[in-house]
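First comes the structure, then the notes that go with it.
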Amino acid sequence: MLIILSGLPGAGKTTLGRALATETGGLHLRIDTIEQALKRSSLMLDPVEDAGYAAAMAIAGDNLKLGRIVVADSVNPIELTRKAWRETARRAGASFADVEIVCSDAAEHRRRVETRASDIEGLVQPKWADVEAREYEPWTNDRILIDTAGREPADCLMELVDALPRMA
């Protein structure tokens with residue numbers, strides 16, 4: 001199964017994605033890590049455009065074909081990329097679940113964005129103004145919606161696991 005996590009920076013995707021991968025024994029595939037590696041590579045891609053998503057989808061497809069659970073962690077702000085993730089699962093003969101992670105409390109979301117430190121060498125975290133200005137298209141299909149505002153990560157994880165279709 002491909003579990004497609006989407007949401008704005010600071011909403012809690014990576015925290016939840018790591019916990020979900022640990023809980024399920026799945027592969028946590030983080031776009032920020034891949035994009036930063038591409039920037040540091042001999043190609044020195046900056047901006048990386050769609051290269052990070054393309055690499056992540058290829059890795060996801062390989063692992064899905066092996067029967068692995070893959071937790072894809074990215075902002076995934078537009079329908080084009082959301083559709084591409086779903087198509088990655090279909091090509092691999094795997095099921096998928098779209099999950100949107102939000103933080104509905106603007107003050108809490110802002111605090112998270114402004115106080116978090118990067119755990120990826122060279123990654124510059126966005127400022128709150130960048131998050132507010134970020135293109136993020138409304139959803140046009142069903143998804144699991146997890147609101148992390150005022151909640152412990154373990155509670156959000158339990159809600160997500162309960163909402164996911166049974167994973168074979």
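Here, A, B, ... name the chains of the structure tokens in the order displayed, residue numbers run from 1 inside each chain, and ligands are numbered from 1 in the same displayed order.
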Subject >> Selection near range 111-113 of chain A, 9 Å with only C-alpha atoms, sequence-local residues under 4 positions removed, as a list of chain:residue names >> reply: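 Near range 111-113 of chain A, the qualifying residues are A:Pro9, A:Gly10, A:Ala11, A:Gly12, A:Ala106, A:Ala107, A:Ala117, A:Gln125, A:Pro126, A:Lys127, A:Trp128, A:Val131.
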**OP:** Can you pull out every residue within 10 Å of Leu157 in chain A, counting only C-alpha atoms, but drop anything in the same chain fewer than 3 positions away, and send it as a VMD selection string?
**Re:** chain A and resid 15 to 20 23 146 148 152 to 154 160 to 163
**OP:** Determine the nearest neighbour of Ser95 in chain A from the options A:Thr14, A:Met1, A:Pro47, A:Leu80, counting only C-alpha atoms.
**Re:** A:Met1
Subject >> Nearest residue to Gly67 in chain A from the set A:Ile120, A:Leu2, A:Ile31, A:Ile101 (distances using only C-alpha atoms) >> reply: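 Between A:Ile120, A:Leu2, A:Ile31, A:Ile101, the residue approaching Gly67 in chain A most closely is A:Leu2.
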Original post:
If you count only C-alpha atoms, which residues fall within 6 Å of Gly52 in chain A, apart from same-chain ones fewer than 3 positions away, as a PyMOL selection string?
Top reply: chain A and resi 34-35+55
**OP:** Quick one: pick out all alpha helix (DSSP H) residues within chain A from a backbone DSSP run and write them as a ChimeraX atom specification.
**Re:** /A:13-24,31-40,51-65,79-91,106-115,128-133,153-163
Original post:
Closest to Arg91 in chain A among A:Asp62, A:Asp147, A:Asp73, A:Asp119, using only C-alpha atoms?
Top reply: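 Of all the options, A:Asp62 lies closest to Arg91 in chain A.
Counting only C-alpha atoms, Glu135 in chain A has the following residues at most 9 Å away, ignoring those fewer than 3 positions along the same chain: A:Pro77, A:Ile78, A:Val131, A:Glu132.
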Print the selection's residues with C-alpha atoms to a file, as a short mmCIF file (atom, residue, chain, number, x, y, z; two decimals), in the first residue's frame.
```
data_model
loop_
_atom_site.label_atom_id
_atom_site.label_comp_id
_atom_site.auth_asym_id
_atom_site.auth_seq_id
_atom_site.Cartn_x
_atom_site.Cartn_y
_atom_site.Cartn_z
CA PRO A 77 0.18 20.85 -3.13
CA ILE A 78 -1.41 20.32 -6.53
CA VAL A 131 3.70 28.82 4.19
CA GLU A 132 0.80 31.29 4.00
#
```
Subject >> Those of range 1-71 of chain A in DSSP strand (DSSP E), formatted as a ChimeraX atom specification >> reply: /A:2-6,27-30,70-71
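Using only C-alpha atoms, the nearest neighbour of Ser118 in chain A within the list A:Gly61, A:Asp32, A:Ala97, A:Ala54 is A:Asp32.
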